[in-house]
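Engineer: To be precise about what I am sending: the file is called upload-v9.cif and holds mmCIF, C-alpha atoms, pLDDT in the B column; chains and numbers go by the auth columns.
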```cif
data_structure
#
loop_
_atom_site.group_PDB
_atom_site.id
_atom_site.type_symbol
_atom_site.label_atom_id
_atom_site.label_comp_id
_atom_site.label_asym_id
_atom_site.label_seq_id
_atom_site.Cartn_x
_atom_site.Cartn_y
_atom_site.Cartn_z
_atom_site.B_iso_or_equiv
_atom_site.auth_seq_id
_atom_site.auth_asym_id
ATOM 1 C CA MET A 1 -49.954 -17.231 -0.777 95.00 1 H
ATOM 2 C CA THR A 2 -50.823 -14.867 -3.615 98.00 2 H
ATOM 3 C CA ILE A 3 -48.688 -11.776 -4.131 98.00 3 H
ATOM 4 C CA LEU A 4 -49.687 -8.708 -6.115 98.00 4 H
ATOM 5 C CA HIS A 5 -46.341 -7.380 -7.394 98.00 5 H
ATOM 6 C CA ILE A 6 -46.529 -3.747 -8.522 98.00 6 H
ATOM 7 C CA ASP A 7 -43.602 -1.862 -10.042 98.00 7 H
ATOM 8 C CA SER A 8 -43.868 1.864 -10.673 97.00 8 H
ATOM 9 C CA SER A 9 -40.379 2.902 -11.730 97.00 9 H
ATOM 10 C CA ALA A 10 -40.196 4.452 -15.173 95.00 10 H
ATOM 11 C CA ARG A 11 -36.893 2.621 -15.573 95.00 11 H
ATOM 12 C CA THR A 12 -37.171 -0.975 -16.713 93.00 12 H
ATOM 13 C CA GLN A 13 -33.387 -1.511 -16.587 95.00 13 H
ATOM 14 C CA GLY A 14 -31.186 -0.531 -13.659 94.00 14 H
ATOM 15 C CA SER A 15 -34.086 0.296 -11.347 96.00 15 H
ATOM 16 C CA VAL A 16 -33.302 -0.123 -7.654 97.00 16 H
ATOM 17 C CA THR A 17 -36.974 -0.538 -6.711 98.00 17 H
ATOM 18 C CA ARG A 18 -37.597 -3.142 -9.403 98.00 18 H
ATOM 19 C CA ASP A 19 -34.606 -5.102 -8.123 98.00 19 H
ATOM 20 C CA LEU A 20 -35.747 -4.793 -4.508 98.00 20 H
ATOM 21 C CA SER A 21 -39.388 -5.660 -5.196 98.00 21 H
ATOM 22 C CA ALA A 22 -38.306 -8.714 -7.232 98.00 22 H
ATOM 23 C CA GLY A 23 -36.105 -9.765 -4.303 98.00 23 H
ATOM 24 C CA ILE A 24 -39.041 -9.437 -1.906 98.00 24 H
ATOM 25 C CA VAL A 25 -41.296 -11.528 -4.161 98.00 25 H
ATOM 26 C CA ALA A 26 -38.581 -14.184 -4.515 97.00 26 H
ATOM 27 C CA LYS A 27 -38.070 -14.260 -0.727 97.00 27 H
ATOM 28 C CA LEU A 28 -41.790 -14.669 -0.032 97.00 28 H
ATOM 29 C CA GLY A 29 -42.612 -17.184 -2.759 95.00 29 H
ATOM 30 C CA GLY A 30 -46.137 -18.009 -3.886 95.00 30 H
ATOM 31 C CA ASP A 31 -48.369 -17.223 -6.823 98.00 31 H
ATOM 32 C CA VAL A 32 -47.729 -13.812 -8.352 98.00 32 H
ATOM 33 C CA ILE A 33 -50.078 -11.356 -10.016 98.00 33 H
ATOM 34 C CA ARG A 34 -47.862 -8.901 -11.900 98.00 34 H
ATOM 35 C CA ARG A 35 -48.748 -5.237 -12.489 98.00 35 H
ATOM 36 C CA ASP A 36 -46.082 -3.145 -14.215 97.00 36 H
ATOM 37 C CA LEU A 37 -47.099 0.496 -14.262 97.00 37 H
ATOM 38 C CA THR A 38 -44.796 1.432 -17.162 93.00 38 H
ATOM 39 C CA GLU A 39 -47.882 0.547 -19.176 85.00 39 H
ATOM 40 C CA ALA A 40 -49.636 3.819 -18.430 84.00 40 H
ATOM 41 C CA LEU A 41 -52.913 3.787 -16.585 95.00 41 H
ATOM 42 C CA PRO A 42 -55.488 6.431 -17.417 95.00 42 H
ATOM 43 C CA GLN A 43 -56.100 9.377 -15.147 95.00 43 H
ATOM 44 C CA ILE A 44 -59.532 9.573 -13.603 96.00 44 H
ATOM 45 C CA THR A 45 -61.888 11.858 -15.499 97.00 45 H
ATOM 46 C CA GLU A 46 -65.303 13.361 -14.908 97.00 46 H
ATOM 47 C CA THR A 47 -66.816 10.431 -16.843 98.00 47 H
ATOM 48 C CA TRP A 48 -65.010 7.969 -14.554 97.00 48 H
ATOM 49 C CA VAL A 49 -66.064 9.821 -11.387 97.00 49 H
ATOM 50 C CA ASN A 50 -69.696 9.932 -12.519 97.00 50 H
ATOM 51 C CA ALA A 51 -69.643 6.210 -13.343 97.00 51 H
ATOM 52 C CA ASN A 52 -67.993 5.397 -10.016 96.00 52 H
ATOM 53 C CA PHE A 53 -70.609 7.281 -8.021 95.00 53 H
ATOM 54 C CA THR A 54 -73.528 5.743 -9.908 97.00 54 H
ATOM 55 C CA PRO A 55 -74.840 2.750 -7.930 95.00 55 H
ATOM 56 C CA ALA A 56 -73.541 -0.461 -9.521 95.00 56 H
ATOM 57 C CA ASP A 57 -77.028 -1.745 -10.383 96.00 57 H
ATOM 58 C CA ASP A 58 -77.869 1.550 -12.138 98.00 58 H
ATOM 59 C CA ARG A 59 -74.766 1.775 -14.358 97.00 59 H
ATOM 60 C CA ASP A 60 -75.264 1.612 -18.086 98.00 60 H
ATOM 61 C CA ALA A 61 -72.919 -0.276 -20.439 98.00 61 H
ATOM 62 C CA ALA A 62 -70.730 2.780 -21.061 98.00 62 H
ATOM 63 C CA GLN A 63 -70.278 3.334 -17.324 98.00 63 H
ATOM 64 C CA ARG A 64 -69.417 -0.337 -16.782 98.00 64 H
ATOM 65 C CA ASP A 65 -66.849 -0.075 -19.588 98.00 65 H
ATOM 66 C CA THR A 66 -65.422 3.096 -18.030 98.00 66 H
ATOM 67 C CA LEU A 67 -64.875 1.265 -14.737 98.00 67 H
ATOM 68 C CA ALA A 68 -63.702 -2.052 -16.214 98.00 68 H
ATOM 69 C CA LEU A 69 -59.974 -1.421 -15.733 98.00 69 H
ATOM 70 C CA SER A 70 -60.523 -0.091 -12.209 98.00 70 H
ATOM 71 C CA ASP A 71 -62.643 -3.149 -11.387 98.00 71 H
ATOM 72 C CA SER A 72 -59.859 -5.399 -12.671 98.00 72 H
ATOM 73 C CA LEU A 73 -57.223 -3.592 -10.577 98.00 73 H
ATOM 74 C CA VAL A 74 -59.419 -3.907 -7.482 98.00 74 H
ATOM 75 C CA GLU A 75 -59.908 -7.632 -8.146 98.00 75 H
ATOM 76 C CA GLU A 76 -56.106 -8.031 -8.261 98.00 76 H
ATOM 77 C CA LEU A 77 -55.919 -6.404 -4.823 98.00 77 H
ATOM 78 C CA LYS A 78 -58.698 -8.562 -3.445 98.00 78 H
ATOM 79 C CA ALA A 79 -57.061 -11.742 -4.778 98.00 79 H
ATOM 80 C CA ALA A 80 -53.723 -10.973 -3.100 98.00 80 H
ATOM 81 C CA ASP A 81 -52.665 -11.888 0.402 98.00 81 H
ATOM 82 C CA THR A 82 -49.579 -9.662 0.138 98.00 82 H
ATOM 83 C CA ILE A 83 -49.027 -6.552 -1.955 98.00 83 H
ATOM 84 C CA VAL A 84 -45.422 -5.755 -2.902 98.00 84 H
ATOM 85 C CA ILE A 85 -44.914 -2.260 -4.315 98.00 85 H
ATOM 86 C CA GLY A 86 -41.703 -1.001 -5.871 98.00 86 H
ATOM 87 C CA ALA A 87 -41.821 2.783 -5.503 98.00 87 H
ATOM 88 C CA PRO A 88 -39.026 5.179 -6.357 97.00 88 H
ATOM 89 C CA VAL A 89 -39.320 8.650 -4.906 97.00 89 H
ATOM 90 C CA TYR A 90 -39.621 11.185 -7.719 96.00 90 H
ATOM 91 C CA ASN A 91 -39.413 14.819 -6.664 95.00 91 H
ATOM 92 C CA PHE A 92 -40.236 13.907 -3.048 96.00 92 H
ATOM 93 C CA GLY A 93 -43.392 11.938 -3.937 96.00 93 H
ATOM 94 C CA VAL A 94 -44.675 8.834 -5.696 97.00 94 H
ATOM 95 C CA PRO A 95 -44.439 8.421 -9.479 97.00 95 H
ATOM 96 C CA SER A 96 -47.510 9.620 -11.356 96.00 96 H
ATOM 97 C CA ALA A 97 -48.102 6.061 -12.604 96.00 97 H
ATOM 98 C CA LEU A 98 -48.452 4.856 -9.017 98.00 98 H
ATOM 99 C CA LYS A 99 -50.729 7.777 -8.148 98.00 99 H
ATOM 100 C CA ALA A 100 -52.946 6.826 -11.118 98.00 100 H
ATOM 101 C CA TRP A 101 -53.139 3.234 -9.804 98.00 101 H
ATOM 102 C CA ILE A 102 -54.073 4.524 -6.339 98.00 102 H
ATOM 103 C CA ASP A 103 -56.804 6.736 -7.801 98.00 103 H
ATOM 104 C CA LEU A 104 -58.247 3.750 -9.663 98.00 104 H
ATOM 105 C CA VAL A 105 -58.295 1.398 -6.642 98.00 105 H
ATOM 106 C CA ALA A 106 -59.266 3.712 -3.768 98.00 106 H
ATOM 107 C CA ARG A 107 -63.018 3.564 -4.333 96.00 107 H
ATOM 108 C CA ALA A 108 -65.757 4.403 -1.870 94.00 108 H
ATOM 109 C CA GLY A 109 -67.978 1.400 -1.325 94.00 109 H
ATOM 110 C CA VAL A 110 -65.462 -0.925 -2.982 96.00 110 H
ATOM 111 C CA THR A 111 -62.123 -0.723 -1.135 98.00 111 H
ATOM 112 C CA PHE A 112 -63.253 1.610 1.645 97.00 112 H
ATOM 113 C CA LYS A 113 -66.501 2.936 3.046 96.00 113 H
ATOM 114 C CA TYR A 114 -67.535 5.948 5.049 95.00 114 H
ATOM 115 C CA SER A 115 -68.913 5.482 8.540 95.00 115 H
ATOM 116 C CA GLU A 116 -70.064 7.856 11.257 96.00 116 H
ATOM 117 C CA THR A 117 -66.510 7.822 12.622 94.00 117 H
ATOM 118 C CA GLY A 118 -64.787 8.296 9.241 94.00 118 H
ATOM 119 C CA PRO A 119 -63.473 6.066 6.458 95.00 119 H
ATOM 120 C CA VAL A 120 -63.077 2.316 7.022 97.00 120 H
ATOM 121 C CA GLY A 121 -60.867 0.175 4.780 98.00 121 H
ATOM 122 C CA LEU A 122 -62.479 -2.924 3.308 98.00 122 H
ATOM 123 C CA LEU A 123 -59.348 -4.932 2.434 98.00 123 H
ATOM 124 C CA GLU A 124 -58.560 -6.193 5.929 97.00 124 H
ATOM 125 C CA GLY A 125 -56.194 -9.075 6.637 97.00 125 H
ATOM 126 C CA LYS A 126 -53.641 -8.301 3.946 98.00 126 H
ATOM 127 C CA ARG A 127 -49.964 -7.375 4.160 98.00 127 H
ATOM 128 C CA ALA A 128 -48.085 -4.774 2.149 98.00 128 H
ATOM 129 C CA ILE A 129 -44.347 -4.466 1.649 98.00 129 H
ATOM 130 C CA ILE A 130 -43.136 -1.287 0.001 98.00 130 H
ATOM 131 C CA ALA A 131 -39.680 -1.138 -1.577 98.00 131 H
ATOM 132 C CA ILE A 132 -38.685 2.534 -1.597 98.00 132 H
ATOM 133 C CA ALA A 133 -35.599 4.022 -3.206 97.00 133 H
ATOM 134 C CA THR A 134 -34.528 7.642 -3.179 97.00 134 H
ATOM 135 C CA GLY A 135 -31.671 9.537 -4.716 95.00 135 H
ATOM 136 C CA GLY A 136 -31.130 11.977 -1.876 94.00 136 H
ATOM 137 C CA THR A 137 -34.282 12.132 0.222 94.00 137 H
ATOM 138 C CA PRO A 138 -33.969 10.450 3.619 95.00 138 H
ATOM 139 C CA VAL A 139 -36.893 8.007 4.005 96.00 139 H
ATOM 140 C CA GLY A 140 -39.174 9.126 6.806 94.00 140 H
ATOM 141 C CA SER A 141 -37.882 12.690 6.790 96.00 141 H
ATOM 142 C CA GLU A 142 -40.049 15.795 6.549 96.00 142 H
ATOM 143 C CA ILE A 143 -39.310 15.956 2.807 96.00 143 H
ATOM 144 C CA ASP A 144 -40.293 12.333 2.105 96.00 144 H
ATOM 145 C CA PHE A 145 -43.890 12.657 0.934 97.00 145 H
ATOM 146 C CA ALA A 146 -43.950 9.168 -0.618 98.00 146 H
ATOM 147 C CA THR A 147 -43.432 6.715 2.236 98.00 147 H
ATOM 148 C CA GLY A 148 -45.994 8.164 4.640 97.00 148 H
ATOM 149 C CA TYR A 149 -48.476 8.632 1.809 98.00 149 H
ATOM 150 C CA LEU A 150 -48.188 4.998 0.691 98.00 150 H
ATOM 151 C CA LYS A 151 -48.526 3.710 4.258 98.00 151 H
ATOM 152 C CA HIS A 152 -51.560 5.959 4.734 98.00 152 H
ATOM 153 C CA ILE A 153 -53.211 4.792 1.486 98.00 153 H
ATOM 154 C CA MET A 154 -52.676 1.143 2.417 98.00 154 H
ATOM 155 C CA GLY A 155 -54.294 1.767 5.809 98.00 155 H
ATOM 156 C CA PHE A 156 -57.069 3.775 4.188 98.00 156 H
ATOM 157 C CA ILE A 157 -58.119 0.731 2.149 98.00 157 H
ATOM 158 C CA GLY A 158 -57.731 -1.567 5.170 98.00 158 H
ATOM 159 C CA ILE A 159 -54.157 -2.850 4.873 98.00 159 H
ATOM 160 C CA HIS A 160 -52.523 -2.031 8.201 98.00 160 H
ATOM 161 C CA ASP A 161 -49.663 -4.553 8.163 98.00 161 H
ATOM 162 C CA VAL A 162 -47.226 -2.421 6.125 98.00 162 H
ATOM 163 C CA GLU A 163 -43.462 -2.852 6.031 98.00 163 H
ATOM 164 C CA VAL A 164 -40.994 -0.580 4.260 98.00 164 H
ATOM 165 C CA ILE A 165 -37.735 -1.764 2.758 98.00 165 H
ATOM 166 C CA ALA A 166 -35.757 1.387 2.031 97.00 166 H
ATOM 167 C CA ALA A 167 -32.713 2.118 -0.075 97.00 167 H
ATOM 168 C CA ASP A 168 -32.610 5.820 0.588 94.00 168 H
ATOM 169 C CA ARG A 169 -30.085 8.416 -0.489 95.00 169 H
ATOM 170 C CA VAL A 170 -28.681 6.063 -3.152 95.00 170 H
ATOM 171 C CA MET A 171 -26.969 8.968 -4.920 92.00 171 H
ATOM 172 C CA ALA A 172 -25.064 9.731 -1.699 92.00 172 H
ATOM 173 C CA GLN A 173 -24.660 6.273 -0.156 91.00 173 H
ATOM 174 C CA GLY A 174 -24.539 4.179 -3.339 88.00 174 H
ATOM 175 C CA GLU A 175 -24.171 0.438 -2.988 93.00 175 H
ATOM 176 C CA GLU A 176 -24.255 0.657 0.821 94.00 176 H
ATOM 177 C CA ALA A 177 -27.889 1.829 0.746 95.00 177 H
ATOM 178 C CA ILE A 178 -28.838 -0.965 -1.632 95.00 178 H
ATOM 179 C CA ALA A 179 -26.950 -3.589 0.397 95.00 179 H
ATOM 180 C CA ASP A 180 -28.740 -2.473 3.569 96.00 180 H
ATOM 181 C CA ALA A 181 -32.124 -2.802 1.843 96.00 181 H
ATOM 182 C CA LYS A 182 -31.243 -6.269 0.529 96.00 182 H
ATOM 183 C CA ALA A 183 -30.156 -7.322 4.026 96.00 183 H
ATOM 184 C CA ASN A 184 -33.576 -6.218 5.301 95.00 184 H
ATOM 185 C CA ILE A 185 -35.275 -8.314 2.630 97.00 185 H
ATOM 186 C CA GLU A 186 -33.477 -11.377 3.970 95.00 186 H
ATOM 187 C CA LYS A 187 -34.978 -10.671 7.414 95.00 187 H
ATOM 188 C CA LEU A 188 -38.568 -10.691 6.094 94.00 188 H
ATOM 189 C CA ALA A 189 -40.833 -13.417 7.364 87.00 189 H
ATOM 190 C CA ALA A 190 -42.635 -15.300 4.623 79.00 190 H
#
```
Output the file's structure as structure tokens, nothing else.
Structural biologist:
Amino acid sequence: MTILHIDSSARTQGSVTRDLSAGIVAKLGGDVIRRDLTEALPQITETWVNANFTPADDRDAAQRDTLALSDSLVEELKAADTIVIGAPVYNFGVPSALKAWIDLVARAGVTFKYSETGPVGLLEGKRAIIAIATGGTPVGSEIDFATGYLKHIMGFIGIHDVEVIAADRVMAQGEEAIADAKANIEKLAA
């Protein structure tokens, strides 16, 4: 099995989601492709959008260069059987670094396509496990805009087998929330 392990916490030390995502990867075992989003990804720009919507065979060298990082990120997704994402909830949503990654991999004609009935994901047959941690936001509540969004994005690109390991309300529940999440990791099937 090949795992794409993505961490998006700005904290490299003491991060609950980094700890949880590492625990998930260790539990699953296999080959690991590592993507740490503390190394900032670029935001999409007009140049990127224009290159992306130019048919691949018609792109010039500059357009191919513009899309090179995005192409590489998509290849990481395609190579993985399982995607493990460590995602803290910042201000009720996903970190901007994770949003930048999503913008670079959610590409019409590459990871999804449009049909007469709407969008169809092209990355079928994969599994995603999302390690979420929040300070005070209850996961799955009406103020949690991260968990549902990430599940939706995974489905949008064709990944419908999505599990969430949550350590929510860590600032209120402390070690109990983390212990519960770690117990859920132990229940994961490889």
Engineer: Residues near stretch 160-162 of chain H, anyone? I mean within 12 Å using only C-alpha atoms, not counting same-chain ones fewer than 4 positions away, as a VMD selection string.
Structural biologist: chain H and resid 81 to 85 120 to 131 147 to 156 188
Engineer: For those residues, write C-alpha atoms to a file as a tab-separated table (two decimals), keeping the file's coordinate frame.
Structural biologist:
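Written output follows (result29.tsv):
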```tsv
chain	number	residue	atom	x	y	z
H	81	ASP	CA	-52.66	-11.89	0.40
H	82	THR	CA	-49.58	-9.66	0.14
H	83	ILE	CA	-49.03	-6.55	-1.96
H	84	VAL	CA	-45.42	-5.76	-2.90
H	85	ILE	CA	-44.91	-2.26	-4.32
H	120	VAL	CA	-63.08	2.32	7.02
H	121	GLY	CA	-60.87	0.18	4.78
H	122	LEU	CA	-62.48	-2.92	3.31
H	123	LEU	CA	-59.35	-4.93	2.43
H	124	GLU	CA	-58.56	-6.19	5.93
H	125	GLY	CA	-56.19	-9.07	6.64
H	126	LYS	CA	-53.64	-8.30	3.95
H	127	ARG	CA	-49.96	-7.38	4.16
H	128	ALA	CA	-48.08	-4.77	2.15
H	129	ILE	CA	-44.35	-4.47	1.65
H	130	ILE	CA	-43.14	-1.29	0.00
H	131	ALA	CA	-39.68	-1.14	-1.58
H	147	THR	CA	-43.43	6.72	2.24
H	148	GLY	CA	-45.99	8.16	4.64
H	149	TYR	CA	-48.48	8.63	1.81
H	150	LEU	CA	-48.19	5.00	0.69
H	151	LYS	CA	-48.53	3.71	4.26
H	152	HIS	CA	-51.56	5.96	4.73
H	153	ILE	CA	-53.21	4.79	1.49
H	154	MET	CA	-52.68	1.14	2.42
H	155	GLY	CA	-54.29	1.77	5.81
H	156	PHE	CA	-57.07	3.78	4.19
H	188	LEU	CA	-38.57	-10.69	6.09
```
Engineer: Quick one: pull the distance between atom CA of H:Gly30 and atom CA of H:Ile3, Å, one decimal.
Structural biologist: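 Atom-to-atom, atom CA of H:Gly30 and atom CA of H:Ile3 are spaced 6.7 Å apart.
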Engineer: Between atom CA of H:Ile159 and atom CA of H:Ala106, measure the distance and give it in Å to one decimal.
Structural biologist: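 A separation of 12.0 Å between them.
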Engineer: What's the 8 Å shell around H:Asp36, counting all atoms listed in the file, without same-chain residues fewer than 2 positions away, as a CSV table (one decimal) with C-alpha atoms, in the frame of the given file?
Structural biologist:
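Written out: part_20.csv:
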```csv
chain,number,residue,atom,x,y,z
H,6,ILE,CA,-46.5,-3.7,-8.5
H,7,ASP,CA,-43.6,-1.9,-10.0
H,8,SER,CA,-43.9,1.9,-10.7
H,34,ARG,CA,-47.9,-8.9,-11.9
H,38,THR,CA,-44.8,1.4,-17.2
H,39,GLU,CA,-47.9,0.5,-19.2
```
Engineer: Here is a test: counting all atoms listed in the file, which residue of H:Ile24, H:Ala79, H:Ala97, H:Ala108 is nearest to H:Pro55?
Structural biologist: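 Checking each candidate against H:Pro55, we get H:Ala108 as the closest.
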Engineer: Using all atoms listed in the file for the distances, tell me which of H:Ile165, H:Leu4, H:Ala172, H:Ala61 is nearest to H:Glu186.
Structural biologist: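 The shortest atom-to-atom distance to H:Glu186 comes from H:Ile165.
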Engineer: Would you mind reading off the distance between atom CA of H:Met171 and atom CA of H:Leu98, one decimal, in Å?
Structural biologist: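 Here the two named atoms are 22.3 Å from each other.
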Engineer: Taking (-38.4, 6.7, -5.5) in the coordinates of the supplied file, I want to know which residues reach to within 8 Å of it, counting all atoms listed in the file; could you give the answer as a list in words?
Structural biologist: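 Applying the cut-off with all atoms listed in the file, one gets Ser9, Thr17, Ala87, Pro88, Val89, Tyr90, Phe92, Gly93, Val94, Pro95, Ile132, Ala133, Thr134, Gly135 and Ala146 of chain H.
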Engineer: Decode the PyMOL selection byres ((chain H and resi 101) around 10) for the given file into explicit residues and return them as a ChimeraX atom specification.
Structural biologist: /H:6,8,35,37,40-44,70,73-74,96-100,102-106
Engineer: Would you give the centre and edge lengths, in Å to one decimal, of a box along x, y and z around the listed atoms of stretch 82-92 of chain H, with 5 Å added to each side, as lines of an AutoDock Vina configuration file?
Structural biologist:
```
center_x = -44.3
center_y = 2.6
center_z = -3.8
size_x = 20.6
size_y = 34.5
size_z = 17.9
```
Engineer: Please list as a compact mmCIF listing (two decimals) with C-alpha atoms, in the frame of the given file every residue within 10 Å of H:Asp71, counting all atoms listed in the file and excluding residues in the same chain fewer than 4 positions away.
Structural biologist:
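Contents of out05.txt, as written:
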```txt
# COMPACT_ATOMS: atom_id res chain seq x y z
CA ARG H 64 -69.42 -0.34 -16.78
CA ASP H 65 -66.85 -0.08 -19.59
CA THR H 66 -65.42 3.10 -18.03
CA LEU H 67 -64.88 1.26 -14.74
CA GLU H 75 -59.91 -7.63 -8.15
CA GLU H 76 -56.11 -8.03 -8.26
CA LEU H 77 -55.92 -6.40 -4.82
CA LEU H 104 -58.25 3.75 -9.66
CA VAL H 105 -58.30 1.40 -6.64
CA ARG H 107 -63.02 3.56 -4.33
CA VAL H 110 -65.46 -0.92 -2.98
```
Engineer: Given the choices H:Lys113, H:Lys27, H:Arg59, H:Arg169, which gets closest to H:Ile185 if the distance is worked out from all atoms listed in the file?
Structural biologist: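 Of all the options, H:Lys27 lies closest to H:Ile185.
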Engineer: As an mmCIF file, in the frame of the given file, could you write out stretch 130-148 of chain H once it has been completed with N, CA and C atoms?
Structural biologist:
```
data_model
loop_
_atom_site.group_PDB
_atom_site.id
_atom_site.type_symbol
_atom_site.label_atom_id
_atom_site.label_comp_id
_atom_site.auth_asym_id
_atom_site.auth_seq_id
_atom_site.Cartn_x
_atom_site.Cartn_y
_atom_site.Cartn_z
ATOM 1 N N ILE H 130 -43.459 -2.351 0.952
ATOM 2 C CA ILE H 130 -43.136 -1.287 0.001
ATOM 3 C C ILE H 130 -41.626 -1.158 -0.096
ATOM 4 N N ALA H 131 -41.107 -1.338 -1.304
ATOM 5 C CA ALA H 131 -39.680 -1.138 -1.577
ATOM 6 C C ALA H 131 -39.511 0.289 -2.087
ATOM 7 N N ILE H 132 -38.875 1.117 -1.279
ATOM 8 C CA ILE H 132 -38.685 2.534 -1.597
ATOM 9 C C ILE H 132 -37.221 2.763 -1.927
ATOM 10 N N ALA H 133 -36.969 3.577 -2.927
ATOM 11 C CA ALA H 133 -35.599 4.022 -3.206
ATOM 12 C C ALA H 133 -35.633 5.517 -3.488
ATOM 13 N N THR H 134 -34.636 6.203 -2.945
ATOM 14 C CA THR H 134 -34.528 7.642 -3.179
ATOM 15 C C THR H 134 -33.110 7.980 -3.617
ATOM 16 N N GLY H 135 -32.994 9.062 -4.332
ATOM 17 C CA GLY H 135 -31.671 9.537 -4.716
ATOM 18 C C GLY H 135 -30.997 10.262 -3.567
ATOM 19 N N GLY H 136 -31.718 11.189 -2.943
ATOM 20 C CA GLY H 136 -31.130 11.977 -1.876
ATOM 21 C C GLY H 136 -32.039 12.223 -0.697
ATOM 22 N N THR H 137 -33.303 11.883 -0.841
ATOM 23 C CA THR H 137 -34.282 12.132 0.222
ATOM 24 C C THR H 137 -34.172 11.058 1.305
ATOM 25 N N PRO H 138 -33.955 11.449 2.556
ATOM 26 C CA PRO H 138 -33.969 10.450 3.619
ATOM 27 C C PRO H 138 -35.403 9.925 3.834
ATOM 28 N N VAL H 139 -35.576 8.604 3.799
ATOM 29 C CA VAL H 139 -36.893 8.007 4.005
ATOM 30 C C VAL H 139 -37.359 8.324 5.422
ATOM 31 N N GLY H 140 -38.595 8.775 5.520
ATOM 32 C CA GLY H 140 -39.174 9.126 6.806
ATOM 33 C C GLY H 140 -38.902 10.553 7.245
ATOM 34 N N SER H 141 -38.177 11.300 6.431
ATOM 35 C CA SER H 141 -37.882 12.690 6.790
ATOM 36 C C SER H 141 -39.055 13.594 6.427
ATOM 37 N N GLU H 142 -38.977 14.842 6.830
ATOM 38 C CA GLU H 142 -40.049 15.795 6.549
ATOM 39 C C GLU H 142 -40.180 16.108 5.061
ATOM 40 N N ILE H 143 -39.198 15.714 4.253
ATOM 41 C CA ILE H 143 -39.310 15.956 2.807
ATOM 42 C C ILE H 143 -39.637 14.680 2.024
ATOM 43 N N ASP H 144 -39.874 13.586 2.740
ATOM 44 C CA ASP H 144 -40.293 12.333 2.105
ATOM 45 C C ASP H 144 -41.818 12.285 2.135
ATOM 46 N N PHE H 145 -42.431 12.654 1.017
ATOM 47 C CA PHE H 145 -43.890 12.657 0.934
ATOM 48 C C PHE H 145 -44.428 11.359 0.331
ATOM 49 N N ALA H 146 -43.534 10.428 -0.003
ATOM 50 C CA ALA H 146 -43.950 9.168 -0.618
ATOM 51 C C ALA H 146 -44.232 8.078 0.408
ATOM 52 N N THR H 147 -43.315 7.839 1.315
ATOM 53 C CA THR H 147 -43.432 6.715 2.236
ATOM 54 C C THR H 147 -44.667 6.834 3.123
ATOM 55 N N GLY H 148 -44.825 7.966 3.779
ATOM 56 C CA GLY H 148 -45.994 8.164 4.640
ATOM 57 C C GLY H 148 -47.288 8.097 3.862
#
```
